[in-house]
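Printed here is input.pdb (PDB, C-alpha atoms):
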```
ATOM      1  CA  GLY U   1     -51.096  47.104  30.111
ATOM      2  CA  ARG U   2     -50.611  44.542  32.851
ATOM      3  CA  ILE U   3     -51.548  41.002  32.030
ATOM      4  CA  ALA U   4     -53.924  40.999  35.001
ATOM      5  CA  ASP U   5     -55.962  43.719  33.277
ATOM      6  CA  ALA U   6     -56.171  41.581  30.148
ATOM      7  CA  VAL U   7     -57.409  38.649  32.220
ATOM      8  CA  LEU U   8     -60.146  40.786  33.800
ATOM      9  CA  ALA U   9     -61.277  42.043  30.405
ATOM     10  CA  LEU U  10     -61.401  38.531  28.968
ATOM     11  CA  GLU U  11     -63.287  37.213  31.991
ATOM     12  CA  ALA U  12     -65.939  39.860  31.334
ATOM     13  CA  VAL U  13     -66.211  38.687  27.720
ATOM     14  CA  VAL U  14     -66.714  35.013  28.586
ATOM     15  CA  GLN U  15     -69.223  35.854  31.305
ATOM     16  CA  ALA U  16     -71.257  37.765  28.732
ATOM     17  CA  ALA U  17     -70.840  35.105  26.010
ATOM     18  CA  PRO U  18     -70.033  31.720  27.584
ATOM     19  CA  GLU U  19     -70.374  29.975  24.223
ATOM     20  CA  ASN U  20     -67.535  32.066  22.715
ATOM     21  CA  ALA U  21     -64.801  29.473  22.109
ATOM     22  CA  GLN U  22     -62.273  32.037  20.855
ATOM     23  CA  ALA U  23     -62.680  34.141  24.018
ATOM     24  CA  TRP U  24     -62.199  31.102  26.283
ATOM     25  CA  TYR U  25     -59.105  30.138  24.286
ATOM     26  CA  THR U  26     -57.623  33.626  24.566
ATOM     27  CA  LEU U  27     -58.394  33.720  28.289
ATOM     28  CA  GLY U  28     -56.721  30.336  28.748
ATOM     29  CA  THR U  29     -53.555  31.269  26.891
ATOM     30  CA  THR U  30     -53.389  34.586  28.751
ATOM     31  CA  GLN U  31     -53.703  32.770  32.086
ATOM     32  CA  ALA U  32     -50.876  30.470  30.995
ATOM     33  CA  GLU U  33     -48.699  33.498  30.201
ATOM     34  CA  ALA U  34     -49.542  34.788  33.680
ATOM     35  CA  ASP U  35     -48.053  31.530  35.055
ATOM     36  CA  ASP U  36     -51.393  30.207  36.272
ATOM     37  CA  ASP U  37     -51.808  26.743  34.778
ATOM     38  CA  ALA U  38     -54.805  25.800  36.923
ATOM     39  CA  ARG U  39     -56.906  28.712  35.640
ATOM     40  CA  ALA U  40     -55.488  28.265  32.134
ATOM     41  CA  ILE U  41     -56.644  24.651  32.116
ATOM     42  CA  ALA U  42     -60.121  25.617  33.357
ATOM     43  CA  ALA U  43     -60.563  28.206  30.585
ATOM     44  CA  LEU U  44     -59.125  25.999  27.853
ATOM     45  CA  ARG U  45     -61.401  23.153  28.893
ATOM     46  CA  ARG U  46     -64.363  25.524  28.644
ATOM     47  CA  CYS U  47     -63.204  26.373  25.125
ATOM     48  CA  VAL U  48     -63.223  22.693  24.179
ATOM     49  CA  GLU U  49     -66.500  21.996  25.978
ATOM     50  CA  SER U  50     -68.222  24.994  24.378
ATOM     51  CA  VAL U  51     -68.497  23.083  21.113
ATOM     52  CA  ASP U  52     -67.433  19.564  21.991
ATOM     53  CA  ALA U  53     -68.890  18.614  25.376
ATOM     54  CA  PRO U  54     -69.734  15.010  24.393
ATOM     55  CA  HIS U  55     -66.089  14.349  23.549
ATOM     56  CA  GLU U  56     -64.306  15.759  26.582
ATOM     57  CA  ALA U  57     -60.954  14.029  26.972
ATOM     58  CA  SER U  58     -60.344  11.937  30.034
ATOM     59  CA  ALA U  59     -57.156  10.661  31.559
ATOM     60  CA  SER U  60     -57.151   7.571  29.367
ATOM     61  CA  THR U  61     -59.631   7.898  26.541
ATOM     62  CA  ALA U  62     -60.279  10.008  23.450
ATOM     63  CA  PRO U  63     -63.061   9.804  20.868
ATOM     64  CA  GLU U  64     -62.555   7.378  17.995
ATOM     65  CA  HIS U  65     -64.220   9.645  15.425
ATOM     66  CA  PRO U  66     -64.002  13.263  16.607
ATOM     67  CA  ALA U  67     -66.244  15.758  14.890
ATOM     68  CA  PRO U  68     -64.543  18.575  12.961
ATOM     69  CA  LEU U  69     -63.580  21.310  15.403
ATOM     70  CA  ASN U  70     -63.047  25.013  14.883
ATOM     71  CA  SER U  71     -59.519  26.397  14.941
ATOM     72  CA  SER U  72     -59.779  27.786  18.484
ATOM     73  CA  VAL U  73     -60.752  24.397  19.871
ATOM     74  CA  VAL U  74     -57.990  22.603  17.975
ATOM     75  CA  ALA U  75     -55.474  25.138  19.310
ATOM     76  CA  ALA U  76     -56.905  24.710  22.829
ATOM     77  CA  LEU U  77     -56.272  20.963  22.689
ATOM     78  CA  LEU U  78     -52.580  21.604  22.065
ATOM     79  CA  GLU U  79     -52.404  24.211  24.839
ATOM     80  CA  LEU U  80     -54.091  21.775  27.230
ATOM     81  CA  GLY U  81     -51.472  19.173  26.418
ATOM     82  CA  VAL U  82     -48.768  21.701  27.299
ATOM     83  CA  SER U  83     -50.505  22.908  30.472
ATOM     84  CA  TYR U  84     -51.030  19.383  31.779
ATOM     85  CA  THR U  85     -47.353  18.712  31.060
ATOM     86  CA  ASN U  86     -46.492  21.727  33.228
ATOM     87  CA  GLU U  87     -48.747  20.253  35.921
ATOM     88  CA  LEU U  88     -46.914  16.897  35.602
ATOM     89  CA  ASN U  89     -50.159  15.142  34.666
ATOM     90  CA  GLN U  90     -48.815  12.831  31.977
ATOM     91  CA  SER U  91     -51.977  10.872  31.227
ATOM     92  CA  ARG U  92     -54.084  13.981  30.638
ATOM     93  CA  ALA U  93     -51.317  15.636  28.637
ATOM     94  CA  LEU U  94     -51.173  12.610  26.357
ATOM     95  CA  ALA U  95     -54.971  12.478  26.025
ATOM     96  CA  TYR U  96     -55.158  16.088  24.810
ATOM     97  CA  LEU U  97     -52.148  15.823  22.521
ATOM     98  CA  ARG U  98     -53.749  12.726  20.984
ATOM     99  CA  ARG U  99     -56.983  14.647  20.513
ATOM    100  CA  TRP U 100     -55.054  17.466  18.853
ATOM    101  CA  ILE U 101     -53.522  15.219  16.198
ATOM    102  CA  ASP U 102     -56.819  13.311  15.770
ATOM    103  CA  ALA U 103     -58.649  16.593  15.157
ATOM    104  CA  HIS U 104     -56.002  18.117  12.896
ATOM    105  CA  PRO U 105     -57.270  18.403   9.299
ATOM    106  CA  VAL U 106     -53.941  17.266   7.842
ATOM    107  CA  TYR U 107     -52.316  15.051  10.463
ATOM    108  CA  GLY U 108     -55.364  13.232  11.774
ATOM    109  CA  ALA U 109     -54.996  10.454   9.202
ATOM    110  CA  ILE U 110     -51.359   9.738  10.107
ATOM    111  CA  GLN U 111     -51.048   6.591  12.163
ATOM    112  CA  PRO U 112     -47.974   5.066  13.816
ATOM    113  CA  ALA U 113     -46.017   2.343  12.056
ATOM    114  CA  VAL U 114     -46.752  -0.018  14.942
ATOM    115  CA  PRO U 115     -50.288  -1.262  15.664
ATOM    116  CA  ALA U 116     -52.453   0.811  17.985
ATOM    117  CA  SER U 117     -52.036  -0.049  21.642
ATOM    118  CA  ASP U 118     -54.823  -1.440  23.746
ATOM    119  CA  PRO U 119     -56.892   1.311  25.447
ATOM    120  CA  ALA U 120     -55.941  -0.200  28.788
ATOM    121  CA  ALA U 121     -52.224  -0.107  27.973
ATOM    122  CA  SER U 122     -49.774   1.676  30.227
ATOM    123  CA  VAL U 123     -49.080   5.385  30.029
ATOM    124  CA  GLU U 124     -45.610   4.506  28.755
ATOM    125  CA  ALA U 125     -47.085   2.502  25.849
ATOM    126  CA  ALA U 126     -49.536   5.300  25.051
ATOM    127  CA  HIS U 127     -46.666   7.793  25.095
ATOM    128  CA  GLY U 128     -44.601   5.626  22.740
ATOM    129  CA  GLU U 129     -47.443   5.252  20.278
ATOM    130  CA  LEU U 130     -48.208   8.970  20.252
ATOM    131  CA  LEU U 131     -44.539   9.826  19.850
ATOM    132  CA  GLN U 132     -44.386   7.607  16.759
ATOM    133  CA  ARG U 133     -47.408   9.387  15.254
ATOM    134  CA  PHE U 134     -45.829  12.803  15.717
ATOM    135  CA  LEU U 135     -42.474  11.607  14.404
ATOM    136  CA  ALA U 136     -44.226  10.292  11.292
ATOM    137  CA  ALA U 137     -46.070  13.598  10.865
ATOM    138  CA  SER U 138     -42.858  15.613  11.306
ATOM    139  CA  ARG U 139     -41.088  13.536   8.660
ATOM    140  CA  GLN U 140     -43.898  14.236   6.213
ATOM    141  CA  HIS U 141     -44.203  17.930   7.182
ATOM    142  CA  PRO U 142     -40.780  19.040   8.494
ATOM    143  CA  GLN U 143     -41.585  22.738   8.096
ATOM    144  CA  ASP U 144     -44.435  22.718  10.622
ATOM    145  CA  ALA U 145     -43.029  24.092  13.869
ATOM    146  CA  GLU U 146     -46.018  22.889  15.900
ATOM    147  CA  LEU U 147     -45.082  19.262  15.264
ATOM    148  CA  HIS U 148     -41.574  19.853  16.580
ATOM    149  CA  ILE U 149     -43.020  21.670  19.595
ATOM    150  CA  VAL U 150     -45.209  18.681  20.445
ATOM    151  CA  LEU U 151     -42.216  16.379  20.018
ATOM    152  CA  GLY U 152     -40.360  18.561  22.513
ATOM    153  CA  VAL U 153     -43.267  18.312  24.954
ATOM    154  CA  LEU U 154     -43.453  14.536  24.536
ATOM    155  CA  HIS U 155     -39.715  14.164  25.119
ATOM    156  CA  ASN U 156     -40.043  16.314  28.247
ATOM    157  CA  LEU U 157     -42.780  14.005  29.505
ATOM    158  CA  SER U 158     -40.384  11.057  29.251
ATOM    159  CA  ARG U 159     -37.480  13.137  30.648
ATOM    160  CA  GLU U 160     -35.507  12.798  27.415
ATOM    161  CA  TYR U 161     -34.230  16.343  27.697
ATOM    162  CA  GLU U 162     -31.564  16.218  24.980
ATOM    163  CA  ALA U 163     -34.163  15.119  22.428
ATOM    164  CA  ALA U 164     -36.584  17.769  23.716
ATOM    165  CA  ILE U 165     -33.956  20.507  23.364
ATOM    166  CA  GLU U 166     -33.215  19.383  19.811
ATOM    167  CA  ALA U 167     -36.923  19.406  18.899
ATOM    168  CA  PHE U 168     -37.455  22.900  20.325
ATOM    169  CA  GLN U 169     -34.344  24.197  18.555
ATOM    170  CA  VAL U 170     -35.676  22.873  15.239
ATOM    171  CA  ALA U 171     -38.973  24.647  15.944
ATOM    172  CA  LEU U 172     -37.130  27.883  16.775
ATOM    173  CA  ARG U 173     -35.335  27.814  13.453
ATOM    174  CA  LEU U 174     -38.803  27.911  11.917
ATOM    175  CA  ARG U 175     -40.271  30.410  14.427
ATOM    176  CA  PRO U 176     -37.352  32.411  15.874
ATOM    177  CA  ASP U 177     -39.566  35.046  17.529
ATOM    178  CA  ASP U 178     -41.881  32.645  19.345
ATOM    179  CA  TYR U 179     -41.467  33.782  22.957
ATOM    180  CA  LYS U 180     -43.415  30.831  24.375
ATOM    181  CA  LEU U 181     -41.091  28.480  22.535
ATOM    182  CA  TRP U 182     -37.999  30.209  23.934
ATOM    183  CA  ASN U 183     -39.511  29.725  27.392
ATOM    184  CA  LYS U 184     -40.115  26.020  26.718
ATOM    185  CA  LEU U 185     -36.510  25.669  25.611
ATOM    186  CA  GLY U 186     -35.360  27.455  28.764
ATOM    187  CA  ALA U 187     -37.418  25.180  30.988
ATOM    188  CA  THR U 188     -35.948  22.144  29.264
ATOM    189  CA  PHE U 189     -32.407  23.421  29.732
ATOM    190  CA  ALA U 190     -33.264  23.990  33.400
ATOM    191  CA  ASN U 191     -34.573  20.422  33.693
ATOM    192  CA  SER U 192     -31.291  19.161  32.255
ATOM    193  CA  SER U 193     -29.262  21.318  34.719
ATOM    194  CA  GLU U 194     -27.934  23.686  32.047
ATOM    195  CA  ALA U 195     -28.495  26.876  34.022
ATOM    196  CA  ALA U 196     -26.663  29.320  31.763
ATOM    197  CA  GLU U 197     -28.539  28.160  28.648
ATOM    198  CA  ALA U 198     -31.826  28.242  30.555
ATOM    199  CA  LEU U 199     -31.249  31.865  31.551
ATOM    200  CA  ARG U 200     -30.276  32.836  28.009
ATOM    201  CA  SER U 201     -33.464  31.308  26.643
ATOM    202  CA  TYR U 202     -35.700  32.879  29.278
ATOM    203  CA  ARG U 203     -34.132  36.281  28.679
ATOM    204  CA  ARG U 204     -34.779  35.918  24.955
ATOM    205  CA  ALA U 205     -38.437  35.189  25.764
ATOM    206  CA  VAL U 206     -38.885  38.366  27.822
ATOM    207  CA  ASP U 207     -36.935  40.437  25.290
ATOM    208  CA  ILE U 208     -39.553  39.447  22.721
ATOM    209  CA  ARG U 209     -42.516  39.682  25.127
ATOM    210  CA  PRO U 210     -41.806  41.957  28.131
ATOM    211  CA  SER U 211     -45.235  41.196  29.647
ATOM    212  CA  PHE U 212     -44.590  37.437  29.734
ATOM    213  CA  VAL U 213     -45.014  36.750  33.454
ATOM    214  CA  ARG U 214     -44.148  33.058  33.243
ATOM    215  CA  ALA U 215     -40.727  33.771  31.763
ATOM    216  CA  TRP U 216     -39.941  36.466  34.358
ATOM    217  CA  VAL U 217     -40.790  33.940  37.074
ATOM    218  CA  ASN U 218     -38.543  31.401  35.405
ATOM    219  CA  VAL U 219     -35.672  33.909  35.242
ATOM    220  CA  GLY U 220     -36.078  34.444  38.994
ATOM    221  CA  THR U 221     -36.161  30.722  39.675
ATOM    222  CA  ALA U 222     -33.070  30.162  37.540
ATOM    223  CA  TYR U 223     -31.176  32.737  39.603
ATOM    224  CA  ALA U 224     -32.508  31.256  42.855
ATOM    225  CA  ASN U 225     -31.262  27.829  41.781
ATOM    226  CA  GLN U 226     -27.805  29.381  41.445
ATOM    227  CA  ALA U 227     -28.129  30.958  44.930
ATOM    228  CA  SER U 228     -28.147  34.395  43.294
ATOM    229  CA  TYR U 229     -30.984  35.558  45.509
ATOM    230  CA  GLN U 230     -30.637  39.301  44.939
ATOM    231  CA  HIS U 231     -31.244  38.762  41.224
ATOM    232  CA  ALA U 232     -33.997  36.243  41.935
ATOM    233  CA  ALA U 233     -35.879  38.754  44.091
ATOM    234  CA  ARG U 234     -35.617  41.397  41.385
ATOM    235  CA  TYR U 235     -37.170  39.179  38.742
ATOM    236  CA  TYR U 236     -39.906  37.856  41.014
ATOM    237  CA  LEU U 237     -40.825  41.475  41.679
ATOM    238  CA  LYS U 238     -40.886  42.163  37.932
ATOM    239  CA  ALA U 239     -43.324  39.274  37.539
ATOM    240  CA  LEU U 240     -45.487  40.546  40.393
ATOM    241  CA  LEU U 241     -45.656  43.986  38.802
ATOM    242  CA  LEU U 242     -47.455  42.322  35.928
ATOM    243  CA  ASN U 243     -49.579  39.909  37.976
ATOM    244  CA  ARG U 244     -49.906  40.951  41.613
ATOM    245  CA  SER U 245     -52.357  38.145  42.351
ATOM    246  CA  ALA U 246     -49.788  35.390  41.613
ATOM    247  CA  ASN U 247     -49.815  33.731  45.048
ATOM    248  CA  HIS U 248     -47.055  31.282  44.222
ATOM    249  CA  VAL U 249     -44.708  34.099  43.191
ATOM    250  CA  TRP U 250     -45.293  35.877  46.512
ATOM    251  CA  SER U 251     -44.352  32.576  48.136
ATOM    252  CA  TYR U 252     -41.161  32.386  46.057
ATOM    253  CA  LEU U 253     -40.365  35.964  47.052
ATOM    254  CA  ARG U 254     -40.856  35.125  50.714
ATOM    255  CA  THR U 255     -38.460  32.174  50.449
ATOM    256  CA  THR U 256     -35.953  34.406  48.670
ATOM    257  CA  MET U 257     -36.111  37.048  51.407
ATOM    258  CA  ILE U 258     -35.307  34.360  53.976
ATOM    259  CA  ALA U 259     -32.411  33.089  51.830
ATOM    260  CA  LEU U 260     -31.076  36.657  51.622
ATOM    261  CA  GLY U 261     -31.268  37.036  55.373
ATOM    262  CA  ARG U 262     -33.806  39.825  54.909
ATOM    263  CA  GLU U 263     -36.411  38.648  57.382
ATOM    264  CA  ASP U 264     -37.023  42.358  58.034
ATOM    265  CA  LEU U 265     -38.755  42.476  54.632
ATOM    266  CA  LEU U 266     -41.164  39.616  55.330
ATOM    267  CA  PRO U 267     -43.877  42.000  56.594
ATOM    268  CA  LEU U 268     -43.746  43.684  53.160
ATOM    269  CA  VAL U 269     -44.357  40.317  51.529
ATOM    270  CA  GLU U 270     -47.363  39.793  53.799
ATOM    271  CA  ARG U 271     -48.735  43.225  52.849
ATOM    272  CA  ARG U 272     -48.310  42.414  49.136
ATOM    273  CA  ASP U 273     -47.533  46.008  48.229
ATOM    274  CA  ILE U 274     -44.998  45.992  45.397
ATOM    275  CA  GLU U 275     -44.166  49.664  45.778
ATOM    276  CA  LEU U 276     -42.774  49.114  49.281
ATOM    277  CA  PHE U 277     -39.941  47.066  47.764
ATOM    278  CA  ARG U 278     -38.643  49.812  45.473
ATOM    279  CA  LYS U 279     -36.214  51.246  48.020
ATOM    280  CA  HIS U 280     -34.702  47.799  48.503
ATOM    281  CA  PHE U 281     -34.551  46.413  44.941
ATOM    282  CA  ASP U 282     -34.171  47.832  41.461
ATOM    283  CA  PHE U 283     -36.955  46.410  39.308
TER     284      PHE U 283
END
```
So, in terms of structure tokens, how does the structure I just supplied come out?
Amino acid sequence: GRIADAVLALEAVVQAAPENAQAWYTLGTTQAEADDDARAIAALRRCVESVDAPHEASASTAPEHPAPLNSSVVAALLELGVSYTNELNQSRALAYLRRWIDAHPVYGAIQPAVPASDPAASVEAAHGELLQRFLAASRQHPQDAELHIVLGVLHNLSREYEAAIEAFQVALRLRPDDYKLWNKLGATFANSSEAAEALRSYRRAVDIRPSFVRAWVNVGTAYANQASYQHAARYYLKALLLNRSANHVWSYLRTTMIALGREDLLPLVERRDIELFRKHFDF
């Protein structure tokens, strides 16, 4: 079914059982797939807070001795790091990625080769220290795709796109059917102005997961960036079929209609009725 239906069902679960960390985690990751990072972050934070309220991460601090966390909360910390990266909030992304490695039962003991930075150190210093920890962990455990994924995220944060692409490609060799990972690779190619590779990666993501709204949106944006507006409109409409409440995608569609010179279709955008577009676009 549509991803919006899944979101509604999960929202009912967490309303009935607000202490259910697994349900909050699943809601958060589903919101992220629906290309809604703000709601994803809210749900993932509730997952963390459901069992770990005293240790909520801030923009610059993390607990020195975190209590053991259940698997849903540990996974939520990683997803929060990714979501805050998407939101371009580097300090919060770093705080949650640090919490993830601190809380990990295997990697938590791995420390960087250089001494720990002062808590008041710059974001750049904090990024460098965390990068060294994950590099050390990946050298010790090269078959763990999650470590390479985090390295890709960290390299994206510092705009080192070649290194990020390499890290994601290593992870994909370990997890070739990970549709979220293909999308991350596509976004990194897009950031490094490699449009053809970005499109190939996004298309691989939706081939694996046809309900992946975020990747459909990214396909549309990739076409829009190439001024291929007819294709862009088609893929935005595909995304809206799956999540009709995605306000930002309606906005993208509106911009695309203007770029196409189809101002006559703007009233259809305002009405937000997908079916009215079928006689104009094949989606």
task = For Ala75 (chain U), list every protein, DNA or RNA residue within 12 Å, evaluated using only C-alpha atoms, and leave out those in the same chain fewer than 3 positions away; present the list as a list in words.
result =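 The filter keeps Ala21, Gln22, Trp24, Tyr25, Thr26, Gly28, Thr29, Leu44, Arg45, Cys47, Val48, Leu69, Asn70, Ser71, Ser72, Leu78, Glu79, Leu80, Gly81, Val82, Tyr96, Leu97, Arg99, Trp100, Ile101, Ala103, His104 and Glu146 of chain U.
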Export of the given selection (C-alpha atoms) as a PDB file, in the coordinates of the input:
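The new file result-v4.pdb reads:
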```
ATOM      1  CA  ALA U  21     -64.801  29.473  22.109  1.00  0.00           C
ATOM      2  CA  GLN U  22     -62.273  32.037  20.855  1.00  0.00           C
ATOM      3  CA  TRP U  24     -62.199  31.102  26.283  1.00  0.00           C
ATOM      4  CA  TYR U  25     -59.105  30.138  24.286  1.00  0.00           C
ATOM      5  CA  THR U  26     -57.623  33.626  24.566  1.00  0.00           C
ATOM      6  CA  GLY U  28     -56.721  30.336  28.748  1.00  0.00           C
ATOM      7  CA  THR U  29     -53.555  31.269  26.891  1.00  0.00           C
ATOM      8  CA  LEU U  44     -59.125  25.999  27.853  1.00  0.00           C
ATOM      9  CA  ARG U  45     -61.401  23.153  28.893  1.00  0.00           C
ATOM     10  CA  CYS U  47     -63.204  26.373  25.125  1.00  0.00           C
ATOM     11  CA  VAL U  48     -63.223  22.693  24.179  1.00  0.00           C
ATOM     12  CA  LEU U  69     -63.580  21.310  15.403  1.00  0.00           C
ATOM     13  CA  ASN U  70     -63.047  25.013  14.883  1.00  0.00           C
ATOM     14  CA  SER U  71     -59.519  26.397  14.941  1.00  0.00           C
ATOM     15  CA  SER U  72     -59.779  27.786  18.484  1.00  0.00           C
ATOM     16  CA  LEU U  78     -52.580  21.604  22.065  1.00  0.00           C
ATOM     17  CA  GLU U  79     -52.404  24.211  24.839  1.00  0.00           C
ATOM     18  CA  LEU U  80     -54.091  21.775  27.230  1.00  0.00           C
ATOM     19  CA  GLY U  81     -51.472  19.173  26.418  1.00  0.00           C
ATOM     20  CA  VAL U  82     -48.768  21.701  27.299  1.00  0.00           C
ATOM     21  CA  TYR U  96     -55.158  16.088  24.810  1.00  0.00           C
ATOM     22  CA  LEU U  97     -52.148  15.823  22.521  1.00  0.00           C
ATOM     23  CA  ARG U  99     -56.983  14.647  20.513  1.00  0.00           C
ATOM     24  CA  TRP U 100     -55.054  17.466  18.853  1.00  0.00           C
ATOM     25  CA  ILE U 101     -53.522  15.219  16.198  1.00  0.00           C
ATOM     26  CA  ALA U 103     -58.649  16.593  15.157  1.00  0.00           C
ATOM     27  CA  HIS U 104     -56.002  18.117  12.896  1.00  0.00           C
ATOM     28  CA  GLU U 146     -46.018  22.889  15.900  1.00  0.00           C
TER      29      GLU U 146
END
```
Correct to one decimal, the distance CA of Gln111 (chain U)-CA of Arg98 (chain U) is 11.1 Å
Please list as a compact mmCIF listing (two decimals) with C-alpha atoms, in the coordinates of the input every residue within 10 Å of Leu199 (chain U), counting only C-alpha atoms and excluding residues in the same chain fewer than 6 positions away.
```txt
# COMPACT_ATOMS: atom_id res chain seq x y z
CA ASN U 183 -39.51 29.72 27.39
CA GLY U 186 -35.36 27.46 28.76
CA ALA U 187 -37.42 25.18 30.99
CA PHE U 189 -32.41 23.42 29.73
CA ALA U 190 -33.26 23.99 33.40
CA ALA U 205 -38.44 35.19 25.76
CA ALA U 215 -40.73 33.77 31.76
CA ASN U 218 -38.54 31.40 35.40
CA VAL U 219 -35.67 33.91 35.24
CA GLY U 220 -36.08 34.44 38.99
CA THR U 221 -36.16 30.72 39.67
CA ALA U 222 -33.07 30.16 37.54
CA TYR U 223 -31.18 32.74 39.60
```
Q.
Please report the interatomic distance between CA of Glu33 (chain U) and CA of Leu268 (chain U) in Å with one decimal.
A.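 CA of Glu33 (chain U) sits 25.6 Å away from CA of Leu268 (chain U).
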| message | With the PyMOL selection byres ((chain U and resi 239) around 6) as the selection, what would be picked from this file? Answer as a list in words, please. | response |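 Evaluating the PyMOL selection byres ((chain U and resi 239) around 6) on these coordinates yields Val213, Trp216, Val217, Tyr236, Leu237, Lys238, Leu240, Leu241 and Leu242 of chain U.
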Resulting file, chosen residues, C-alpha atoms, as a PDB file, keeping the file's coordinate frame:
```
ATOM      1  CA  VAL U 213     -45.014  36.750  33.454  1.00  0.00           C
ATOM      2  CA  TRP U 216     -39.941  36.466  34.358  1.00  0.00           C
ATOM      3  CA  VAL U 217     -40.790  33.940  37.074  1.00  0.00           C
ATOM      4  CA  TYR U 236     -39.906  37.856  41.014  1.00  0.00           C
ATOM      5  CA  LEU U 237     -40.825  41.475  41.679  1.00  0.00           C
ATOM      6  CA  LYS U 238     -40.886  42.163  37.932  1.00  0.00           C
ATOM      7  CA  LEU U 240     -45.487  40.546  40.393  1.00  0.00           C
ATOM      8  CA  LEU U 241     -45.656  43.986  38.802  1.00  0.00           C
ATOM      9  CA  LEU U 242     -47.455  42.322  35.928  1.00  0.00           C
TER      10      LEU U 242
END
```
Find the residues near Leu181 (chain U): any atom within 10 Å, counting all atoms listed in the file, skip ones fewer than 4 places away on the same chain, and give them as a list of chain:residue names.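 Contacts, with the query itself left out: U:Ala145, U:Glu146, U:Ile149, U:Gly152, U:Phe168, U:Gln169, U:Ala171, U:Leu172, U:Arg175, U:Pro176, U:Asp177, U:Leu185, U:Gly186, U:Ala187, U:Ser201, U:Tyr202, U:Ala205.
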* Can you find the residues with an atom no farther than 6 Å from (-49.6, 7.2, 14.3), counting all atoms listed in the file, and report them as a list in words? ->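 Looking at atoms near the point gives Ile110, Gln111, Pro112, Gln132 and Arg133 of chain U.
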For Asn20 (chain U), which residue out of U:Ala38, U:Val73, U:Val249, U:Leu8 is the nearest one, using all atoms listed in the file?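 Residue with the minimum atom-to-atom distance to Asn20 (chain U): U:Val73.
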Using 3 Å of padding on each side, determine the axis-aligned box around all atoms of region 34-52 of chain U present in the file and give its centre and edge lengths in Å to one decimal, as JSON.
```
{"center_x": -58.3, "center_y": 27.2, "center_z": 29.0, "size_x": 26.4, "size_y": 21.2, "size_z": 21.8}
```
Quiz prompt | Minimum-distance residue to Ser228 (chain U), chosen among U:Ala109, U:Ile208, U:Ala195, U:Val170 (using only C-alpha atoms) | solution =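 When distances to Ser228 (chain U) are compared using only C-alpha atoms, the smallest one comes from U:Ala195.
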Nearest residue to Glu11 (chain U) out of U:Ala224, U:Leu27, U:Val150, U:Val206, using all atoms listed in the file?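 Among the listed residues, U:Leu27 lies closest to Glu11 (chain U).
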**OP:** Would you kindly return, as a PyMOL selection string, each protein, DNA or RNA residue with an atom no farther than 7 Å from any atom of Leu266 (chain U), considering only C-alpha atoms and excluding same-chain residues fewer than 4 positions away?
**Re:** chain U and resi 254+257+270
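The smallest atom-to-atom distance between Val7 (chain U) and any of U:Gln90, U:Asn156, U:Asn243, U:Gln226, using all atoms listed in the file, is found for U:Asn243.
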message: For a test of reading the model, state the distance in Å between CA of Arg234 (chain U) and CA of Thr256 (chain U), rounded to one decimal.
response: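 Interatomic distance here is 10.1 Å.
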Judged by only C-alpha atoms, the minimum distance to Arg271 (chain U) among U:Tyr179, U:Ser122, U:Trp250, U:Ala232 is found for U:Trp250
The residue from U:Lys279, U:Val153, U:Ile165, U:Ala227 with the smallest atom-to-atom distance to Ala198 (chain U), counting all atoms listed in the file, is U:Ile165
